[in-house]
Amino acid sequence: MNNTGETDSSIGSSEYQVNLDVFQGPLDLLLFLIRKKKIDIHDIPIATITREYLVYLDKKERINLEREAEFLLVAALLIYIKSQMLLPRERLLDDEEDPRQVLVDRLLEYQKIKAACAILRQKEADELPKWKRDVPPPHFMGEELDLTEISLFNLAEAFFILMKKKERENIQIIMGKEYSMEEKMNEIIEFLKENHYLDFTEYFESHTTIEEALVSFFCLLELIKARTVYAIQETLFQTIKVWLRKESRK
Amino acid sequence: MSIQLSNIIESLLFVSAEPLSTEKIKNVLTEYSEQEIEKSIDLILEKYTSHPGGIQIIRTGGGYLFTTRSEHDPWIRRLLRVNRKNKLSSAALETLSTIAYHQPITLAEISAFRGVDATHSLKTLLQKKLVKIVGRKKSPGKPLIYRTSERFLTYFGLDSLKDLPSQEEISKLLEEESDED
C-alpha cells in the first residue's frame, strides 16, 4: 500500500522495517518485535510493545478488514492488558495472576508451532525429491475387495463437481414432483441389489433435477451412515462406486 | 530359504504405493514364522543400504516404502516434465503444524492458536489429504474435528506422530535463533 518498505522515523531507529503482509498474523508480528527488541517473553513491557505494534498498523492507510481485523484484535488485547496493569488493585495477592499471562501463554505456544514449522519445512525439502510409486494397484472385478473406503470429503467433492457440471447445463425444467427420502433409499437399495454396484458419477448424471440429485445424495449419505452400503474408489481419479454391504444383501 | 523369502517381501514392497507395515507382511505371508519374516526384512534393508542403487527403502508412516534417491530428482522431473514440486504455503504449514501438535482439534481452536482465521489453509490441507475429518465435537454448534492423515506422515518422512519435532529440538532451535541476534 504505502511506503511500508522504508524506514519510519517515528520509531527513531535505523532498523529495517518489514511490511505487514510478510507476517502470518498478529502473533507472528509480536514475536518479531519481541525478538527485535531483545525482550524477555516472560516479562514484556506492554507499553513499549504496544507502541511498536501500532506503528506497524499505522503504516496501512486503509485497513482491509478481511486481513487486518485480527491484527486489530490483538492491538485491543494489548491495550486491555495495559489498562489492567494501570488499574489500582484493591488487594494485592501474591498469587494474583499477571494480566500479561494470557498473552505470554499464547505467544509461547505460537513460538513453539513456528519452530516446529521450520523443522518440518526442512523435512519437506528432504522428502519432496524422493519420488514414490503412485501407480494404482490393479483392480479386480466382481469380488468385494479390500479397498480403502473413501471419506465423506471425497464423496462431497465428487458430488459438488457433478452439481457444477449440472449448473453449466442450465436446465430449465420446472418439476412439481416431490421426492421422499424413504422412497429414494429403497430405490437405491433395489438398484444395488439388481446391479451389484452403483457408479456415483453415472447415477447422478441420470438425474434430471438438482432437487432429485440432492435428495439422492442425502439418501446415499444416510445409507452409508447406517452401514447399509459403502463407497469405494478403486483407483485414484476413478469414479466412486457404491456397494451394498454383504450383510444387507438378502 | 530366507533369500527366497526376502525376495517375496521385496516384491510386496514393489507393488505397495502406501507404506507396508511388518504387520501387514506377516498377515500375507502366513506360511512363514514371524522371526523369519523379521529377519528377511532386515536382509532386504541391509541389501539396499550396502548396495545403493536408484531405488531405496525408507521407513515412514509405520511401514516401508520404495522411493527414488533424492539426488536423482532433476532427471526424474525432466522425464515427467515437472518443473518443481510445490511446497506447502507458510499458512498451510502453520495450520498443519498446529493440528499435528494439538489433534484432535476444531477449526476455531486452530484459529485461536494461530491468531488468524485458518479456514482457507484448512481447506487446502483437506484437498491435499494431509488432514482428515474424524468426527464432530460434542459442544455447541457441533464443530468438525480434524486430525493429521497417514499421508501427512509420509509427506514429512515421519514414521509416526512420535517423530514430530520434539520439545528438545524446538527449544534448541529457539536458542540458536536468539543467539543469532
# chains A, B, ... in the order shown; residues from 1 in each chain; ligands from 1
$ residues_around --residues "Met85 of chain A" --least-positions-apart "4" --cutoff "9 Å" --atoms "only C-alpha atoms" --output "VMD selection string"
chain A and resid 80 to 81 89 98 to 100
$ select_by_dssp --residues "segment 29-174 of chain B" --states "strand (DSSP E)" --output "PyMOL selection string"
chain B and resi 55-60+63-68+105-106+131-136+144-148
$ interface_residues --of "chain A" --to "chain B" --cutoff "8 Å" --atoms "only C-alpha atoms" --output "PyMOL selection string"
chain A and resi 24-27+35-36+70+106+109-110+112-117+119-121+123-124+126-137+153
$ residues_around --residues "Ile41 of chain A" --least-positions-apart "2" --cutoff "12 Å" --atoms "only C-alpha atoms" --output "JSON, numbers by chain"
{"A": [30, 31, 32, 33, 34, 35, 36, 37, 38, 39, 43, 44, 45, 46, 49, 100, 101, 103, 104, 105, 106, 107, 108, 109, 111], "B": [178]}
$ write_last_selection --atoms "N, CA and C atoms" --output "mmCIF file, in the first residue's frame"
data_model
loop_
_atom_site.group_PDB
_atom_site.id
_atom_site.type_symbol
_atom_site.label_atom_id
_atom_site.label_comp_id
_atom_site.auth_asym_id
_atom_site.auth_seq_id
_atom_site.Cartn_x
_atom_site.Cartn_y
_atom_site.Cartn_z
ATOM 1 N N LEU A 30 4.097 -9.870 16.722
ATOM 2 C CA LEU A 30 4.510 -9.656 18.110
ATOM 3 C C LEU A 30 5.822 -10.367 18.413
ATOM 4 N N LEU A 31 5.928 -11.608 17.970
ATOM 5 C CA LEU A 31 7.167 -12.356 18.201
ATOM 6 C C LEU A 31 8.349 -11.678 17.536
ATOM 7 N N PHE A 32 8.107 -11.165 16.339
ATOM 8 C CA PHE A 32 9.159 -10.459 15.607
ATOM 9 C C PHE A 32 9.635 -9.246 16.406
ATOM 10 N N LEU A 33 8.676 -8.482 16.924
ATOM 11 C CA LEU A 33 9.031 -7.283 17.689
ATOM 12 C C LEU A 33 9.763 -7.641 18.973
ATOM 13 N N ILE A 34 9.328 -8.704 19.616
ATOM 14 C CA ILE A 34 9.960 -9.138 20.856
ATOM 15 C C ILE A 34 11.403 -9.536 20.611
ATOM 16 N N ARG A 35 11.627 -10.237 19.492
ATOM 17 C CA ARG A 35 12.986 -10.647 19.144
ATOM 18 C C ARG A 35 13.839 -9.440 18.783
ATOM 19 N N LYS A 36 13.229 -8.538 18.018
ATOM 20 C CA LYS A 36 13.966 -7.364 17.543
ATOM 21 C C LYS A 36 14.425 -6.505 18.716
ATOM 22 N N LYS A 37 13.546 -6.370 19.697
ATOM 23 C CA LYS A 37 13.854 -5.514 20.846
ATOM 24 C C LYS A 37 14.571 -6.299 21.950
ATOM 25 N N LYS A 38 14.858 -7.571 21.661
ATOM 26 C CA LYS A 38 15.514 -8.443 22.648
ATOM 27 C C LYS A 38 14.784 -8.404 23.995
ATOM 28 N N ILE A 39 13.499 -8.609 23.917
ATOM 29 C CA ILE A 39 12.672 -8.569 25.109
ATOM 30 C C ILE A 39 12.498 -9.978 25.659
ATOM 31 N N ASP A 43 8.496 -11.322 30.414
ATOM 32 C CA ASP A 43 8.381 -10.024 31.073
ATOM 33 C C ASP A 43 8.298 -8.931 30.001
ATOM 34 N N ILE A 44 7.161 -8.906 29.334
ATOM 35 C CA ILE A 44 7.016 -7.991 28.206
ATOM 36 C C ILE A 44 6.636 -6.588 28.694
ATOM 37 N N PRO A 45 7.426 -5.566 28.312
ATOM 38 C CA PRO A 45 6.998 -4.204 28.621
ATOM 39 C C PRO A 45 5.837 -3.834 27.697
ATOM 40 N N ILE A 46 4.626 -3.932 28.222
ATOM 41 C CA ILE A 46 3.438 -3.805 27.386
ATOM 42 C C ILE A 46 3.370 -2.463 26.654
ATOM 43 N N ILE A 49 5.856 -2.420 23.680
ATOM 44 C CA ILE A 49 5.491 -3.341 22.614
ATOM 45 C C ILE A 49 4.214 -2.868 21.910
ATOM 46 N N ARG A 100 -0.676 -10.171 31.924
ATOM 47 C CA ARG A 100 0.039 -10.478 30.692
ATOM 48 C C ARG A 100 0.097 -11.978 30.412
ATOM 49 N N GLN A 101 -0.261 -12.765 31.464
ATOM 50 C CA GLN A 101 -0.071 -14.210 31.349
ATOM 51 C C GLN A 101 -0.769 -14.837 30.140
ATOM 52 N N LEU A 103 -1.451 -13.569 27.293
ATOM 53 C CA LEU A 103 -0.706 -13.262 26.069
ATOM 54 C C LEU A 103 0.582 -14.071 26.000
ATOM 55 N N VAL A 104 1.284 -14.153 27.151
ATOM 56 C CA VAL A 104 2.552 -14.885 27.190
ATOM 57 C C VAL A 104 2.331 -16.350 26.820
ATOM 58 N N ASP A 105 1.278 -16.944 27.381
ATOM 59 C CA ASP A 105 0.985 -18.351 27.073
ATOM 60 C C ASP A 105 0.744 -18.546 25.590
ATOM 61 N N ARG A 106 -0.034 -17.629 25.024
ATOM 62 C CA ARG A 106 -0.342 -17.747 23.585
ATOM 63 C C ARG A 106 0.919 -17.591 22.749
ATOM 64 N N LEU A 107 1.749 -16.619 23.146
ATOM 65 C CA LEU A 107 2.976 -16.383 22.383
ATOM 66 C C LEU A 107 3.926 -17.566 22.456
ATOM 67 N N LEU A 108 4.037 -18.147 23.650
ATOM 68 C CA LEU A 108 4.947 -19.288 23.815
ATOM 69 C C LEU A 108 4.491 -20.460 22.954
ATOM 70 N N GLU A 109 3.179 -20.704 22.986
ATOM 71 C CA GLU A 109 2.646 -21.810 22.204
ATOM 72 C C GLU A 109 2.844 -21.553 20.708
ATOM 73 N N GLN A 111 5.098 -19.657 19.366
ATOM 74 C CA GLN A 111 6.527 -19.735 19.070
ATOM 75 C C GLN A 111 6.951 -21.191 18.838
ATOM 76 N N SER B 178 17.864 -17.180 19.030
ATOM 77 C CA SER B 178 18.102 -15.997 19.858
ATOM 78 C C SER B 178 19.595 -15.694 19.947
#
$ select_by_dssp --residues "segment 66-146 of chain B" --states "alpha helix (DSSP H)" --output "compact mmCIF listing (two decimals) with N, CA, C and O atoms, in the first residue's frame"
# COMPACT_ATOMS: atom_id res chain seq x y z
N ASP B 73 16.44 -36.59 -8.45
CA ASP B 73 15.26 -35.75 -8.69
C ASP B 73 15.30 -34.94 -9.99
O ASP B 73 14.31 -34.94 -10.74
N PRO B 74 16.43 -34.27 -10.31
CA PRO B 74 16.43 -33.44 -11.54
C PRO B 74 16.08 -34.22 -12.80
O PRO B 74 15.33 -33.73 -13.65
N TRP B 75 16.57 -35.47 -12.90
CA TRP B 75 16.32 -36.25 -14.13
C TRP B 75 14.90 -36.78 -14.16
O TRP B 75 14.29 -36.86 -15.21
N ILE B 76 14.41 -37.14 -12.97
CA ILE B 76 13.02 -37.64 -12.91
C ILE B 76 12.07 -36.53 -13.32
O ILE B 76 11.13 -36.75 -14.09
N ARG B 77 12.34 -35.34 -12.85
CA ARG B 77 11.47 -34.21 -13.18
C ARG B 77 11.52 -33.91 -14.68
O ARG B 77 10.54 -33.54 -15.28
N ARG B 78 12.71 -34.11 -15.27
CA ARG B 78 12.83 -33.88 -16.70
C ARG B 78 11.97 -34.90 -17.45
O ARG B 78 11.27 -34.56 -18.40
N LEU B 79 12.04 -36.14 -17.00
CA LEU B 79 11.26 -37.20 -17.65
C LEU B 79 9.76 -36.92 -17.55
O LEU B 79 9.02 -37.05 -18.51
N LEU B 80 9.34 -36.56 -16.34
CA LEU B 80 7.90 -36.37 -16.09
C LEU B 80 7.42 -34.96 -16.43
O LEU B 80 6.26 -34.64 -16.25
N SER B 90 3.22 -21.07 3.67
CA SER B 90 3.54 -20.86 5.09
C SER B 90 2.30 -21.00 5.95
O SER B 90 2.34 -21.60 7.03
N ALA B 91 1.19 -20.44 5.47
CA ALA B 91 -0.05 -20.51 6.25
C ALA B 91 -0.50 -21.95 6.41
O ALA B 91 -0.88 -22.37 7.50
N ALA B 92 -0.42 -22.71 5.31
CA ALA B 92 -0.86 -24.11 5.37
C ALA B 92 0.04 -24.92 6.31
O ALA B 92 -0.45 -25.73 7.10
N LEU B 93 1.34 -24.67 6.23
CA LEU B 93 2.27 -25.41 7.10
C LEU B 93 2.01 -25.09 8.57
O LEU B 93 2.02 -25.97 9.42
N GLU B 94 1.75 -23.81 8.85
CA GLU B 94 1.48 -23.40 10.22
C GLU B 94 0.21 -24.08 10.74
O GLU B 94 0.17 -24.56 11.87
N THR B 95 -0.81 -24.10 9.90
CA THR B 95 -2.05 -24.76 10.29
C THR B 95 -1.83 -26.25 10.52
O THR B 95 -2.29 -26.82 11.51
N LEU B 96 -1.06 -26.86 9.61
CA LEU B 96 -0.78 -28.28 9.72
C LEU B 96 -0.01 -28.61 11.00
O LEU B 96 -0.32 -29.57 11.71
N SER B 97 0.96 -27.76 11.29
CA SER B 97 1.76 -27.95 12.49
C SER B 97 0.89 -27.82 13.76
O SER B 97 1.02 -28.59 14.71
N THR B 98 -0.02 -26.85 13.73
CA THR B 98 -0.94 -26.67 14.86
C THR B 98 -1.79 -27.92 15.05
O THR B 98 -1.95 -28.41 16.17
N ILE B 99 -2.31 -28.45 13.95
CA ILE B 99 -3.15 -29.65 14.04
C ILE B 99 -2.32 -30.83 14.57
O ILE B 99 -2.75 -31.55 15.45
N ALA B 100 -1.11 -30.97 14.02
CA ALA B 100 -0.26 -32.10 14.40
C ALA B 100 -0.01 -32.15 15.90
O ALA B 100 -0.05 -33.21 16.51
N TYR B 101 0.22 -30.99 16.51
CA TYR B 101 0.55 -30.97 17.93
C TYR B 101 -0.67 -30.94 18.83
O TYR B 101 -0.57 -31.25 20.01
N HIS B 102 -1.81 -30.54 18.31
CA HIS B 102 -2.97 -30.37 19.18
C HIS B 102 -4.16 -31.22 18.77
O HIS B 102 -5.28 -30.95 19.15
N LEU B 107 -11.65 -26.21 13.97
CA LEU B 107 -11.20 -25.04 13.22
C LEU B 107 -11.03 -23.83 14.15
O LEU B 107 -10.04 -23.10 14.06
N ALA B 108 -12.00 -23.63 15.05
CA ALA B 108 -11.94 -22.47 15.95
C ALA B 108 -10.69 -22.54 16.83
O ALA B 108 -10.03 -21.53 17.08
N GLU B 109 -10.36 -23.76 17.27
CA GLU B 109 -9.17 -23.92 18.12
C GLU B 109 -7.89 -23.64 17.34
O GLU B 109 -6.97 -23.01 17.86
N ILE B 110 -7.85 -24.12 16.10
CA ILE B 110 -6.67 -23.87 15.26
C ILE B 110 -6.48 -22.35 15.09
O ILE B 110 -5.40 -21.81 15.30
N SER B 111 -7.58 -21.67 14.75
CA SER B 111 -7.52 -20.23 14.54
C SER B 111 -7.07 -19.50 15.79
O SER B 111 -6.32 -18.53 15.72
N ALA B 112 -7.52 -20.00 16.94
CA ALA B 112 -7.12 -19.36 18.21
C ALA B 112 -5.61 -19.50 18.43
O ALA B 112 -4.96 -18.55 18.84
N PHE B 113 -5.08 -20.67 18.15
CA PHE B 113 -3.64 -20.88 18.32
C PHE B 113 -2.84 -19.96 17.39
O PHE B 113 -1.81 -19.43 17.76
N ARG B 114 -3.31 -19.82 16.17
CA ARG B 114 -2.56 -19.06 15.18
C ARG B 114 -2.82 -17.56 15.25
O ARG B 114 -2.05 -16.77 14.72
N THR B 119 -9.54 -21.02 7.99
CA THR B 119 -10.49 -21.70 7.09
C THR B 119 -9.85 -22.08 5.75
O THR B 119 -9.94 -23.23 5.32
N HIS B 120 -9.19 -21.10 5.15
CA HIS B 120 -8.66 -21.33 3.81
C HIS B 120 -7.54 -22.39 3.81
O HIS B 120 -7.55 -23.31 3.00
N SER B 121 -6.61 -22.25 4.73
CA SER B 121 -5.49 -23.19 4.72
C SER B 121 -5.96 -24.59 5.10
O SER B 121 -5.42 -25.59 4.62
N LEU B 122 -6.99 -24.67 5.93
CA LEU B 122 -7.52 -25.98 6.30
C LEU B 122 -8.11 -26.67 5.07
O LEU B 122 -7.96 -27.87 4.88
N LYS B 123 -8.77 -25.87 4.24
CA LYS B 123 -9.37 -26.41 3.03
C LYS B 123 -8.28 -26.98 2.11
O LYS B 123 -8.42 -28.06 1.55
N THR B 124 -7.19 -26.21 1.98
CA THR B 124 -6.07 -26.68 1.16
C THR B 124 -5.55 -28.02 1.69
O THR B 124 -5.30 -28.94 0.92
N LEU B 125 -5.41 -28.11 3.01
CA LEU B 125 -4.85 -29.32 3.60
C LEU B 125 -5.78 -30.51 3.41
O LEU B 125 -5.33 -31.64 3.20
N LEU B 126 -7.09 -30.25 3.47
CA LEU B 126 -8.06 -31.33 3.24
C LEU B 126 -7.96 -31.81 1.80
O LEU B 126 -8.01 -33.00 1.53
N GLN B 127 -7.81 -30.85 0.88
CA GLN B 127 -7.70 -31.21 -0.53
C GLN B 127 -6.44 -32.02 -0.80
O GLN B 127 -6.45 -32.95 -1.58
$ residues_around --residues "Phe217 of chain A" --least-positions-apart "6" --cutoff "10 Å" --atoms "only C-alpha atoms" --output "PyMOL selection string"
chain A and resi 155-156+159+181+184-185+200+204+211+223
